[in-house]
Amino acid sequence: MTDYHQVLISRVTKQVFWRLFCAAWQSALSFQNIRSAFASLGIHPFNPLKTPSPSPGDNEIDRKTPGSVRAIRRTIRAIQQEGDLTQATKLVMKAAQKLIIRNEILEHQYKGLVNALVNEKNRQRRGRPLGLIDKENPGEAQFFSPSRVEAAKQRIQDIESQKEQDKINAAILRTQKALERERRDRENQEKREVGSVSEKRRSNKKSLKKSSVV
């Protein structure tokens with residue numbers, strides 16, 4: 001028989017297909033292959049350890065934790081179909097629906113706030129002048145190289161960073177002053193308490209002296 005797999009074929013006709021199929025059939029469906037297939041599955045000779053277990057059904061597959069209102073409601077309907085529910089279980093499911101709705105509202109608000117903050121920052125950056133325009137000749141055409149524009153942007157960014165650092169330093173200084181003021185107040189309070197105790201002691205000594213003289 002001709003070795004067809006070594007022949008370059010550009011077009012397969014019915015006649016050529018039959019010859020190829022016949023060769024593949026005779027090569028695959030041999031006694032040894034069939035016997036090996038039955039033995040590998042434990043069919044013959046019978047071996048229950050090799051028999052494949054049935055695939056799990058839909059109810060046995062691990063379900064994902066519901067993360068949306070629709071998923072929660074589908075899960076609740078599935079639980080309700082399984083049988084009678086206690087009052088505590090119903091309360092828990094109702095609370096779960098409320099919490100997931102509240103969570104979705106908070107996520108929506110959070111995304112809206114983040115987008116608003118990003119848009120505001122971008123607007124402030126776009127609306128801030130770079131200081132490249134020659135104010136003495138405002139009517140003339142002025143052109144700026146990309147490197148000069150980038151340098152101006154970097155300068156503005158450095159100024160903003162310095163302002164932020166100044167704010168941080170001012171906050172630290174205010175905190176230090178508040179701590180120092182609190183420390184002085186505490187020391188003054190301690191001095192007043194010590195002075196009050198000393199005054200009481202002197203007063204007691206004077207009283208004792210007067211009583212001894214009498």
# chains A, B, ... in the order shown; residues from 1 in each chain; ligands from 1

call {"tool": "residues_around", "arguments": {"residues": "Ile101 in chain A", "least_positions_apart": "6", "cutoff": "12 Å", "atoms": "only C-alpha atoms", "output": "ChimeraX atom specification"}}
result
/A:67-73,94-95,107-108

call {"tool": "select_by_dssp", "arguments": {"residues": "range 94-210 of chain A", "states": "helix (DSSP H, G or I)", "output": "ChimeraX atom specification"}}
result
/A:94-127,146-210

call {"tool": "atom_distance", "arguments": {"atom1": "CA of Val118 in chain A", "atom2": "CA of Glu160 in chain A"}}
result
16.6 Å

call {"tool": "atom_distance", "arguments": {"atom1": "CA of Glu150 in chain A", "atom2": "CA of Gln165 in chain A"}}
result
22.2 Å

call {"tool": "atom_distance", "arguments": {"atom1": "CA of Arg35 in chain A", "atom2": "CA of Ala23 in chain A"}}
result
19.7 Å
